[in-house]
Each structure stands twice: as structure tokens, then as C-alpha cells.
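Novice: Contents of work.cif (mmCIF, C-alpha atoms):
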```cif
data_work
loop_
_atom_site.label_atom_id
_atom_site.label_comp_id
_atom_site.auth_asym_id
_atom_site.auth_seq_id
_atom_site.Cartn_x
_atom_site.Cartn_y
_atom_site.Cartn_z
CA MET G 1 -71.27 -21.12 -104.30
CA LYS G 2 -69.71 -20.91 -107.77
CA LEU G 3 -66.47 -22.79 -108.39
CA PHE G 4 -64.41 -22.02 -111.48
CA TYR G 5 -62.09 -24.72 -112.77
CA CYS G 6 -59.60 -25.08 -115.61
CA ASP G 7 -58.11 -28.54 -114.97
CA GLU G 8 -59.65 -29.75 -118.23
CA PHE G 9 -57.00 -27.67 -120.03
CA VAL G 10 -54.25 -30.27 -119.70
CA LEU G 11 -50.64 -29.24 -120.21
CA PRO G 12 -48.25 -31.49 -122.16
CA LEU G 13 -45.73 -31.72 -119.33
CA PRO G 14 -42.67 -33.89 -118.68
CA PRO G 15 -43.16 -36.48 -115.91
CA GLN G 16 -41.51 -34.42 -113.16
CA HIS G 17 -44.16 -31.70 -113.52
CA ARG G 18 -47.27 -33.84 -113.84
CA PHE G 19 -47.62 -34.87 -110.20
CA PRO G 20 -48.27 -31.41 -108.66
CA MET G 21 -50.68 -30.50 -111.47
CA GLU G 22 -52.83 -33.53 -110.67
CA LYS G 23 -54.15 -31.84 -107.54
CA TYR G 24 -56.50 -29.64 -109.56
CA ARG G 25 -58.35 -32.53 -111.17
CA LEU G 26 -58.47 -34.42 -107.88
CA LEU G 27 -59.78 -31.34 -106.08
CA ARG G 28 -62.68 -30.91 -108.47
CA GLU G 29 -63.51 -34.61 -108.27
CA ARG G 30 -63.48 -34.55 -104.48
CA LEU G 31 -65.69 -31.48 -104.32
CA ARG G 32 -68.18 -33.07 -106.72
CA LEU G 33 -68.32 -36.16 -104.52
CA SER G 34 -68.73 -34.14 -101.32
CA GLY G 35 -72.43 -33.62 -101.87
CA GLU G 36 -72.07 -29.93 -100.96
CA PHE G 37 -72.39 -28.54 -104.48
CA LEU G 38 -74.73 -28.70 -107.46
CA ASP G 39 -73.48 -29.51 -110.95
CA ASP G 40 -74.22 -25.92 -111.99
CA ASP G 41 -71.87 -24.64 -109.28
CA PHE G 42 -68.90 -25.90 -111.33
CA GLN G 43 -68.14 -23.57 -114.21
CA THR G 44 -65.42 -23.26 -116.84
CA PRO G 45 -64.09 -19.69 -116.72
CA PRO G 46 -63.57 -17.40 -119.68
CA ALA G 47 -59.98 -16.69 -120.63
CA ALA G 48 -58.65 -13.34 -119.46
CA THR G 49 -58.50 -10.95 -122.38
CA PHE G 50 -55.45 -9.06 -123.59
CA ALA G 51 -56.88 -5.86 -122.09
CA GLU G 52 -57.36 -7.58 -118.73
CA LEU G 53 -53.94 -9.22 -118.73
CA THR G 54 -52.25 -5.91 -119.48
CA ARG G 55 -53.84 -4.28 -116.46
CA ALA G 56 -51.04 -6.03 -114.57
CA HIS G 57 -48.50 -7.09 -117.22
CA ALA G 58 -46.39 -5.46 -119.91
CA PRO G 59 -48.07 -5.75 -123.33
CA ASP G 60 -44.80 -6.98 -124.86
CA TYR G 61 -44.53 -9.75 -122.26
CA VAL G 62 -48.12 -10.90 -122.85
CA LEU G 63 -47.59 -10.96 -126.61
CA ARG G 64 -44.36 -12.94 -126.30
CA VAL G 65 -46.11 -15.47 -124.06
CA GLU G 66 -48.96 -15.80 -126.55
CA GLN G 67 -46.66 -16.14 -129.56
CA GLY G 68 -44.16 -18.51 -127.97
CA GLU G 69 -41.31 -16.01 -128.12
CA LEU G 70 -40.03 -16.31 -124.55
CA SER G 71 -36.31 -16.98 -124.27
CA ALA G 72 -35.01 -20.29 -122.98
CA GLN G 73 -33.95 -18.51 -119.77
CA GLU G 74 -37.42 -17.02 -119.27
CA ILE G 75 -38.98 -20.45 -119.70
CA ARG G 76 -36.52 -21.99 -117.22
CA VAL G 77 -37.45 -19.38 -114.61
CA ILE G 78 -41.16 -20.08 -115.13
CA GLY G 79 -40.42 -23.75 -114.56
CA PHE G 80 -42.35 -25.60 -117.24
CA PRO G 81 -42.12 -25.62 -121.04
CA TRP G 82 -44.05 -23.28 -123.32
CA SER G 83 -46.98 -24.72 -125.23
CA PRO G 84 -50.26 -23.37 -126.62
CA GLU G 85 -51.97 -25.28 -123.82
CA MET G 86 -49.84 -23.45 -121.24
CA VAL G 87 -50.95 -20.12 -122.68
CA GLU G 88 -54.62 -21.08 -122.69
CA ARG G 89 -54.57 -22.50 -119.19
CA SER G 90 -52.75 -19.45 -117.82
CA LYS G 91 -55.36 -17.16 -119.37
CA ARG G 92 -58.19 -19.32 -118.05
CA SER G 93 -56.74 -19.40 -114.54
CA SER G 94 -56.53 -15.61 -114.51
CA GLY G 95 -60.03 -15.43 -115.94
CA ALA G 96 -61.21 -17.75 -113.18
CA THR G 97 -60.08 -15.43 -110.39
CA LEU G 98 -61.66 -12.46 -112.13
CA ALA G 99 -64.90 -14.41 -112.62
CA ALA G 100 -64.85 -15.47 -108.96
CA CYS G 101 -64.48 -11.81 -107.95
CA ARG G 102 -67.44 -10.77 -110.07
CA VAL G 103 -69.64 -13.50 -108.60
CA ALA G 104 -68.45 -12.82 -105.04
CA LEU G 105 -69.46 -9.18 -105.32
CA ASN G 106 -73.04 -10.36 -105.94
CA GLU G 107 -73.18 -13.54 -103.88
CA GLY G 108 -70.64 -13.05 -101.08
CA ALA G 109 -68.08 -15.68 -102.07
CA ALA G 110 -66.78 -17.71 -105.01
CA ALA G 111 -63.65 -19.71 -105.74
CA ASN G 112 -61.09 -20.41 -108.41
CA LEU G 113 -60.06 -24.06 -108.05
CA ALA G 114 -56.61 -23.05 -109.29
CA GLY G 115 -54.93 -19.63 -109.35
CA GLY G 116 -52.82 -17.90 -106.76
CA THR G 117 -50.01 -17.38 -109.29
CA HIS G 118 -48.37 -14.71 -107.17
CA HIS G 119 -44.77 -15.06 -108.44
CA ALA G 120 -45.56 -13.58 -111.87
CA PHE G 121 -44.12 -10.08 -112.28
CA TYR G 122 -45.06 -7.22 -114.61
CA ASP G 123 -42.71 -8.36 -117.37
CA ARG G 124 -41.79 -11.95 -116.52
CA GLY G 125 -43.00 -15.20 -115.02
CA GLU G 126 -41.43 -17.13 -112.19
CA GLY G 127 -42.01 -20.16 -109.99
CA TYR G 128 -44.69 -21.88 -112.12
CA CYS G 129 -46.54 -18.57 -112.49
CA VAL G 130 -47.08 -17.02 -115.94
CA PHE G 131 -49.73 -14.36 -115.25
CA ASN G 132 -50.60 -12.88 -111.85
CA ASP G 133 -54.30 -13.66 -111.48
CA ALA G 134 -54.91 -11.68 -108.27
CA ALA G 135 -53.25 -8.52 -109.61
CA ILE G 136 -55.10 -8.84 -112.92
CA ALA G 137 -58.47 -9.27 -111.21
CA ALA G 138 -57.95 -6.46 -108.70
CA ARG G 139 -56.68 -3.99 -111.30
CA THR G 140 -59.51 -4.84 -113.72
CA LEU G 141 -62.27 -4.31 -111.17
CA VAL G 142 -60.76 -1.01 -110.07
CA ALA G 143 -60.35 0.13 -113.70
CA GLU G 144 -64.00 -0.72 -114.36
CA ALA G 145 -64.98 1.33 -111.27
CA ILE G 146 -66.72 -1.70 -109.77
CA VAL G 147 -64.71 -1.33 -106.56
CA ALA G 148 -62.30 1.30 -105.30
CA ARG G 149 -60.44 -0.74 -102.67
CA VAL G 150 -59.25 -4.34 -102.82
CA LEU G 151 -57.31 -6.32 -100.22
CA ILE G 152 -55.20 -9.30 -101.29
CA VAL G 153 -54.64 -11.70 -98.37
CA ASP G 154 -51.87 -14.12 -99.35
CA CYS G 155 -51.49 -17.12 -97.03
CA ASP G 156 -49.30 -19.19 -99.32
CA VAL G 157 -46.12 -20.23 -97.50
CA HIS G 158 -44.08 -18.28 -100.08
CA GLN G 159 -44.18 -14.50 -100.28
CA GLY G 160 -46.33 -13.03 -103.05
CA ASN G 161 -43.34 -11.25 -104.54
CA GLY G 162 -44.78 -10.67 -107.99
CA THR G 163 -48.01 -9.31 -106.55
CA ALA G 164 -46.12 -6.95 -104.26
CA ALA G 165 -43.94 -5.66 -107.10
CA ILE G 166 -46.78 -5.15 -109.60
CA LEU G 167 -49.03 -3.37 -107.11
CA ARG G 168 -46.42 -1.32 -105.25
CA GLY G 169 -47.69 2.23 -104.96
CA ASP G 170 -51.24 1.36 -106.07
CA GLU G 171 -53.42 3.25 -103.61
CA HIS G 172 -56.48 1.16 -104.45
CA ILE G 173 -55.03 -2.28 -103.69
CA PHE G 174 -53.48 -3.39 -100.40
CA THR G 175 -51.21 -6.46 -100.38
CA PHE G 176 -50.82 -8.56 -97.24
CA SER G 177 -48.54 -11.60 -97.34
CA ILE G 178 -47.94 -13.94 -94.39
CA HIS G 179 -45.19 -16.40 -95.26
CA GLY G 180 -42.06 -18.26 -94.22
CA ALA G 181 -39.10 -15.96 -93.66
CA ASN G 182 -36.51 -18.47 -94.89
CA ASN G 183 -38.27 -19.79 -97.97
CA PHE G 184 -38.54 -18.95 -101.65
CA PRO G 185 -38.36 -16.25 -102.94
CA PHE G 186 -35.06 -15.59 -101.23
CA ARG G 187 -35.10 -11.98 -102.42
CA LYS G 188 -38.37 -10.66 -101.01
CA GLU G 189 -40.32 -7.72 -102.40
CA LEU G 190 -42.12 -5.18 -100.23
CA SER G 191 -45.85 -5.80 -99.76
CA ASN G 192 -48.00 -3.22 -98.00
CA LEU G 193 -47.82 -5.63 -95.06
CA ASP G 194 -45.45 -8.59 -94.74
CA ILE G 195 -45.51 -10.95 -91.78
CA GLU G 196 -42.53 -13.29 -91.87
CA LEU G 197 -42.68 -16.49 -89.86
CA ALA G 198 -39.85 -18.57 -88.46
CA ASP G 199 -39.29 -22.16 -89.56
CA GLY G 200 -41.44 -24.52 -87.54
CA THR G 201 -44.19 -21.99 -86.77
CA ASN G 202 -47.16 -23.85 -85.25
CA ASP G 203 -50.93 -23.37 -85.35
CA MET G 204 -51.21 -21.05 -82.37
CA THR G 205 -48.39 -18.72 -83.38
CA TYR G 206 -49.71 -18.58 -86.94
CA GLU G 207 -53.24 -17.79 -85.79
CA GLN G 208 -52.03 -14.91 -83.63
CA ALA G 209 -49.96 -13.47 -86.49
CA LEU G 210 -52.82 -13.81 -88.97
CA ALA G 211 -55.27 -12.09 -86.63
CA ARG G 212 -52.84 -9.18 -86.29
CA GLY G 213 -52.36 -8.99 -90.04
CA LEU G 214 -56.07 -9.00 -90.83
CA HIS G 215 -56.71 -6.25 -88.30
CA GLN G 216 -53.92 -4.06 -89.71
CA SER G 217 -54.89 -4.69 -93.34
CA PHE G 218 -58.58 -3.94 -92.90
CA ALA G 219 -57.81 -0.82 -90.88
CA ALA G 220 -55.46 0.46 -93.57
CA ASN G 221 -57.55 -0.38 -96.65
CA GLN G 222 -61.22 -0.76 -95.61
CA PRO G 223 -61.67 -3.13 -98.55
CA GLN G 224 -64.75 -3.60 -100.66
CA LEU G 225 -63.43 -6.98 -101.85
CA VAL G 226 -60.91 -9.51 -100.56
CA ILE G 227 -58.94 -11.86 -102.82
CA TYR G 228 -57.71 -14.72 -100.65
CA LEU G 229 -54.81 -16.94 -101.68
CA ALA G 230 -55.41 -19.99 -99.51
CA GLY G 231 -52.18 -21.91 -99.93
CA ALA G 232 -52.05 -25.48 -98.67
CA ASP G 233 -48.27 -25.32 -98.32
CA PRO G 234 -47.98 -24.07 -94.70
CA PHE G 235 -48.89 -27.71 -93.91
CA GLU G 236 -46.42 -29.56 -91.69
CA ASP G 237 -45.73 -32.26 -94.30
CA ASP G 238 -45.38 -30.00 -97.33
CA LYS G 239 -42.22 -30.63 -99.33
CA LEU G 240 -41.64 -26.94 -100.10
CA GLY G 241 -42.87 -25.39 -96.87
CA LYS G 242 -41.00 -25.01 -93.58
CA LEU G 243 -43.92 -24.29 -91.27
CA LYS G 244 -45.70 -26.79 -89.03
CA LEU G 245 -49.40 -26.12 -89.40
CA THR G 246 -51.75 -29.07 -88.98
CA LYS G 247 -54.82 -29.66 -91.13
CA GLN G 248 -56.91 -28.44 -88.21
CA GLY G 249 -54.79 -25.30 -87.98
CA LEU G 250 -55.24 -24.62 -91.67
CA MET G 251 -59.00 -25.07 -91.33
CA ARG G 252 -59.01 -22.55 -88.51
CA ARG G 253 -56.94 -20.17 -90.67
CA ASP G 254 -59.57 -20.35 -93.42
CA GLU G 255 -62.43 -19.87 -90.99
CA MET G 256 -60.71 -16.83 -89.49
CA VAL G 257 -60.40 -15.15 -92.89
CA PHE G 258 -63.97 -15.99 -93.93
CA GLU G 259 -65.50 -14.97 -90.61
CA TYR G 260 -63.50 -11.74 -90.54
CA CYS G 261 -64.80 -10.79 -94.00
CA LEU G 262 -68.37 -11.89 -93.30
CA ALA G 263 -68.55 -9.89 -90.07
CA ARG G 264 -67.62 -6.77 -92.06
CA ASN G 265 -69.84 -7.60 -95.05
CA VAL G 266 -66.86 -7.84 -97.41
CA PRO G 267 -67.17 -10.33 -100.29
CA ILE G 268 -64.32 -12.75 -100.88
CA ALA G 269 -62.87 -14.49 -103.92
CA ILE G 270 -60.69 -17.51 -103.16
CA ALA G 271 -57.76 -18.94 -105.13
CA MET G 272 -55.98 -22.16 -104.17
CA ALA G 273 -52.29 -21.15 -104.57
CA GLY G 274 -49.56 -23.65 -103.62
CA GLY G 275 -49.59 -27.09 -102.08
CA TYR G 276 -46.90 -29.76 -102.41
CA ALA G 277 -47.48 -32.30 -99.64
CA ARG G 278 -45.56 -35.55 -99.79
CA ASN G 279 -48.91 -37.25 -100.18
CA ILE G 280 -50.90 -35.39 -102.84
CA TYR G 281 -54.15 -36.36 -101.15
CA ASP G 282 -53.17 -34.26 -98.12
CA THR G 283 -52.94 -31.22 -100.37
CA VAL G 284 -56.27 -32.06 -102.00
CA GLU G 285 -57.90 -32.47 -98.58
CA ILE G 286 -56.61 -29.09 -97.40
CA HIS G 287 -57.87 -27.32 -100.54
CA THR G 288 -61.20 -29.16 -100.23
CA ASN G 289 -61.55 -28.05 -96.62
CA THR G 290 -60.98 -24.43 -97.68
CA VAL G 291 -63.73 -24.49 -100.30
CA ILE G 292 -66.23 -26.34 -98.14
CA ALA G 293 -65.60 -24.00 -95.19
CA ALA G 294 -66.36 -21.01 -97.42
CA HIS G 295 -69.51 -22.70 -98.72
CA LYS G 296 -70.76 -23.42 -95.21
CA ILE G 297 -70.02 -19.92 -93.93
CA TYR G 298 -71.40 -18.04 -96.91
CA GLY G 299 -74.14 -20.49 -97.93
#
```
Let me see the structure of the file written as C-alpha cells.

Specialist:
Amino acid sequence: MKLFYCDEFVLPLPPQHRFPMEKYRLLRERLRLSGEFLDDDFQTPPAATFAELTRAHAPDYVLRVEQGELSAQEIRVIGFPWSPEMVERSKRSSGATLAACRVALNEGAAANLAGGTHHAFYDRGEGYCVFNDAAIAARTLVAEAIVARVLIVDCDVHQGNGTAAILRGDEHIFTFSIHGANNFPFRKELSNLDIELADGTNDMTYEQALARGLHQSFAANQPQLVIYLAGADPFEDDKLGKLKLTKQGLMRRDEMVFEYCLARNVPIAIAMAGGYARNIYDTVEIHTNTVIAAHKIYG
């Protein structure tokens, strides 16, 4: 299974932002040490092109990001400072999800070891998200007539508000977000299907809700490709989540999504999305479990 990574593109960040970014490097290291993958399985993705980025974003916004012309307020909303490295990494992360989609369509599954930047809107970034990788990938593949129907399954604890807004009314792409009702973003957008969960939701309740959401989404869209945002932040000890899923529950969540797609012969591209556990190694373990589960199911 091909794994696309961009953690080698290091951002010059202030200390308060370095800790959560470390998970990407640690994830790749842990996967390399797992013995499950060959060296050739790890690949540096191409950067998303201007044409690909503007499938989902305003050309003016993309140009202002590239040229460092965002306002101070726009940068504050994104959450970390502008730099050439930030631009390159954001393009590479979007390129990684698109590359994972292309490989998945031929091989069944592939993963971006970053991505899931679902808070980026058409003309602005938000919540550590500059470009919306899932929307870019889905729109690009549809525009190239490679697929006609894409399903985005977003299991990050936060609603995929940017994804919902960008893709609203797009008959080719169905957005399904299962997330905490009382968490960021506090002004929710309208996905094709939103399942909102109460604080403290446990493994069993989550599993039942996810099963319902997958059934409804597949029935509505009959996808030819799934893009799966496998957030680690529904974890019970996540600093920014309010749900109570265990590591075992999150593993079962992943297996449900993979098995559902495999049973219907639908390829899947995986992005990591959020994860902010009090112990960073819990987040890394959850992401690792996601990737290894996909590898074992899809071979």
C-alpha cells in the first residue's frame, strides 16, 4: 500500500505550534518500524498545481497564499504564521491526497500520512487548514472524468465545515460528517449528511451512528471512490475532542469503513485529519492503527 508523506517539509513554527506537528514525523517513523511496509511504499507527493487547487478554491485566494499577501486577520484565523514552507507543505499535503486517490483507484487503497484539512473554505483558511485537500482531490478527479461520484467520509471529531461549504450543491460529491455536536466549528455548515454526537459518546453509540451514516451515504451517492478522513481526535483523552472513544473503538471504526468499502468494491483514499491527545504517542498509535488496518484489509 502506498503512503504519501510530507513531514520532511518542516515549518518554521513558534514553540506552541511545534508539538502537534510532530505527530507526522513520528507516524512515518512508526510505520517504517512496523515491518508492514517496504521502503518503496513511502513516497513524497507532488505539490498540487494551481489548476488543481482552484478546482476548490478562489484563484485570488490561492495567489495571495502563494505570494504571502494574506492579511494579519486571515493568518490569525488559519492559526500559524505564513512562510514559504507553509505554502509548499500545504500544496504537498493536497497533492498527497490526490496522489492517494489516483493510486487507490488502481490498487484499492492508499494513504496520505497528513491531510484532512477540512476547515479550509473556498476563499479562506481556518483552523490550521490552508487548502482543502479532500475537496481538491474529489473535484479534480471528477473534472478529469476519472470518476463521476465521490463520497467523503469525515470522522474527525470536528465538522468538515469547509468541505461542506465548498461542495454544497455539487451533484457528483457527497459529504458525510460524523462529529461532536458541541465542538468547533461552533457555526456548522450543511453537509449532505451530518450526524452530530453528544459529549461523552462511547464506542457502541458511535459504531451504531457510523453504520447508519455509511448506509445512507452509499445509498444516496453509490460512490466510485471514498475519501476517508480518519481523525484520531474522537479519542477519549484528546485535548480538543469531547467524545469518549477508546483506541479499540477507533480501530473498529476504521475496520467498519474499510470493510464497507471493500464489500462494495469501492476504492478508498485515507487522510489522517486531527489528533491532539494529551500524550502525542496516543495520537500516533491511533493513526498507525488506521494505516495498518487498511494495509491488512486491502493487502

Novice: I need the residue nearest Ala137 (chain G) from this list: G:Leu225, G:Met1, G:Ala293, G:Leu113. Use only C-alpha atoms for the distance.

Specialist: G:Leu225

Novice: What would the selection look like, as a ChimeraX atom specification, if the PyMOL selection byres ((chain G and resi 233) around 7) were run on the coordinates I just shared?

Specialist: /G:156-157,231-232,234-235,238,241,274-276

Novice: Name the closest residue to Thr288 (chain G) among the candidates G:Arg149, G:Arg124, G:Arg264, G:Lys247; distances are taken between atoms, counting only C-alpha atoms.

Specialist: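 For Thr288 (chain G), the nearest of the candidates is G:Lys247.
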
Novice: Given the PyMOL selection byres ((chain G and resi 75-82) around 6) and the file above, list the residues it selects as an MDAnalysis selection string.

Specialist: chainID G and resid 72:74 83 125:128

Novice: Which residues match the PyMOL selection byres ((chain G and resi 54-65) around 9) in the file above, as a PyMOL selection string?

Specialist: chain G and resi 49-53+66-70+82+87+120-124+130-133+135-137+139-140+143+166-167

Novice: Please identify all polymer residues lying at most 9 Å from the point (-52.0, -34.4, -106.3) (file coordinates), using all atoms listed in the file, and present the result as JSON, numbers by chain.

Specialist: {"G": [18, 19, 20, 21, 22, 23, 24, 25, 26, 27, 275, 276, 277, 279, 280, 281, 282, 283, 284]}

Novice: Pull C-alpha atoms from the residues just selected and write them as an mmCIF file, in the frame of the given file.

Specialist:
```cif
data_model
loop_
_atom_site.group_PDB
_atom_site.id
_atom_site.type_symbol
_atom_site.label_atom_id
_atom_site.label_comp_id
_atom_site.auth_asym_id
_atom_site.auth_seq_id
_atom_site.Cartn_x
_atom_site.Cartn_y
_atom_site.Cartn_z
ATOM 1 C CA ARG G 18 -47.270 -33.840 -113.840
ATOM 2 C CA PHE G 19 -47.620 -34.870 -110.200
ATOM 3 C CA PRO G 20 -48.270 -31.410 -108.660
ATOM 4 C CA MET G 21 -50.680 -30.500 -111.470
ATOM 5 C CA GLU G 22 -52.830 -33.530 -110.670
ATOM 6 C CA LYS G 23 -54.150 -31.840 -107.540
ATOM 7 C CA TYR G 24 -56.500 -29.640 -109.560
ATOM 8 C CA ARG G 25 -58.350 -32.530 -111.170
ATOM 9 C CA LEU G 26 -58.470 -34.420 -107.880
ATOM 10 C CA LEU G 27 -59.780 -31.340 -106.080
ATOM 11 C CA GLY G 275 -49.590 -27.090 -102.080
ATOM 12 C CA TYR G 276 -46.900 -29.760 -102.410
ATOM 13 C CA ALA G 277 -47.480 -32.300 -99.640
ATOM 14 C CA ASN G 279 -48.910 -37.250 -100.180
ATOM 15 C CA ILE G 280 -50.900 -35.390 -102.840
ATOM 16 C CA TYR G 281 -54.150 -36.360 -101.150
ATOM 17 C CA ASP G 282 -53.170 -34.260 -98.120
ATOM 18 C CA THR G 283 -52.940 -31.220 -100.370
ATOM 19 C CA VAL G 284 -56.270 -32.060 -102.000
#
```

Novice: Box in all listed atoms of region 44-58 of chain G, axis-aligned, with 3 Å more on each side; write out centre and edge lengths in Å to one decimal as lines of an AutoDock Vina configuration file.

Specialist:
```
center_x = -55.9
center_y = -13.8
center_z = -119.1
size_x = 25.0
size_y = 25.0
size_z = 15.0
```

Novice: Report the distance between CA of Asp203 (chain G) and CA of Leu243 (chain G) in Å, rounded to one decimal place.

Specialist: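 A separation of 9.2 Å between them.
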
Novice: Residues proximal to (-46.5, -1.2, -103.4) were defined as those with any atom within 7 Å of that point in the file's coordinates, counting only C-alpha atoms. Which are they, as a ChimeraX atom specification?

Specialist: /G:164-165,167-170,190-192

Novice: Rank nothing, just name the residue among G:Val266, G:Asp194, G:Leu3, G:Arg28 nearest to Asp40 (chain G), using all atoms listed in the file.

Specialist: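 So, comparing all the options, the nearest one is G:Leu3.
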
Novice: Which value, in Å to one decimal, gives the distance between CA of Gly249 (chain G) and CA of His118 (chain G)?

Specialist: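 Between these atoms lies a distance of 22.8 Å.
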
Novice: To one decimal in Å, tell me the separation between CA of Val150 (chain G) and CA of Phe186 (chain G).

Specialist: 26.7 Å

Novice: Could you check the closest approach to Cys101 (chain G) for each of G:Gln224, G:Ser217, G:Asn289, G:Asn182 and tell me which residue wins, using all atoms listed in the file?

Specialist: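 Among the listed residues, the smallest separation from Cys101 (chain G) belongs to G:Gln224.
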
Novice: Name the residues in contact with region 177-179 of chain G at a cut-off of 7 Å, using only C-alpha atoms, excluding same-chain residues fewer than 6 positions from it; report them as a PDB file with C-alpha atoms, keeping the file's coordinate frame.

Specialist:
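selection-v6.pdb, freshly written:
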```
ATOM      1  CA  VAL G 153     -54.640 -11.700 -98.370  1.00  0.00           C
ATOM      2  CA  ASP G 154     -51.870 -14.120 -99.350  1.00  0.00           C
ATOM      3  CA  CYS G 155     -51.490 -17.120 -97.030  1.00  0.00           C
ATOM      4  CA  ASP G 156     -49.300 -19.190 -99.320  1.00  0.00           C
ATOM      5  CA  VAL G 157     -46.120 -20.230 -97.500  1.00  0.00           C
ATOM      6  CA  HIS G 158     -44.080 -18.280-100.080  1.00  0.00           C
ATOM      7  CA  GLN G 159     -44.180 -14.500-100.280  1.00  0.00           C
ATOM      8  CA  GLY G 160     -46.330 -13.030-103.050  1.00  0.00           C
ATOM      9  CA  SER G 191     -45.850  -5.800 -99.760  1.00  0.00           C
ATOM     10  CA  LEU G 193     -47.820  -5.630 -95.060  1.00  0.00           C
ATOM     11  CA  ASP G 194     -45.450  -8.590 -94.740  1.00  0.00           C
ATOM     12  CA  ILE G 195     -45.510 -10.950 -91.780  1.00  0.00           C
ATOM     13  CA  GLU G 196     -42.530 -13.290 -91.870  1.00  0.00           C
ATOM     14  CA  LEU G 197     -42.680 -16.490 -89.860  1.00  0.00           C
TER      15      LEU G 197
END
```

Novice: Return the single residue from G:Asp41, G:Asp7, G:Glu144, G:Glu36 that is closest to Met86 (chain G), with distances computed using only C-alpha atoms.

Specialist: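 Under the stated criterion, the closest residue is G:Asp7.
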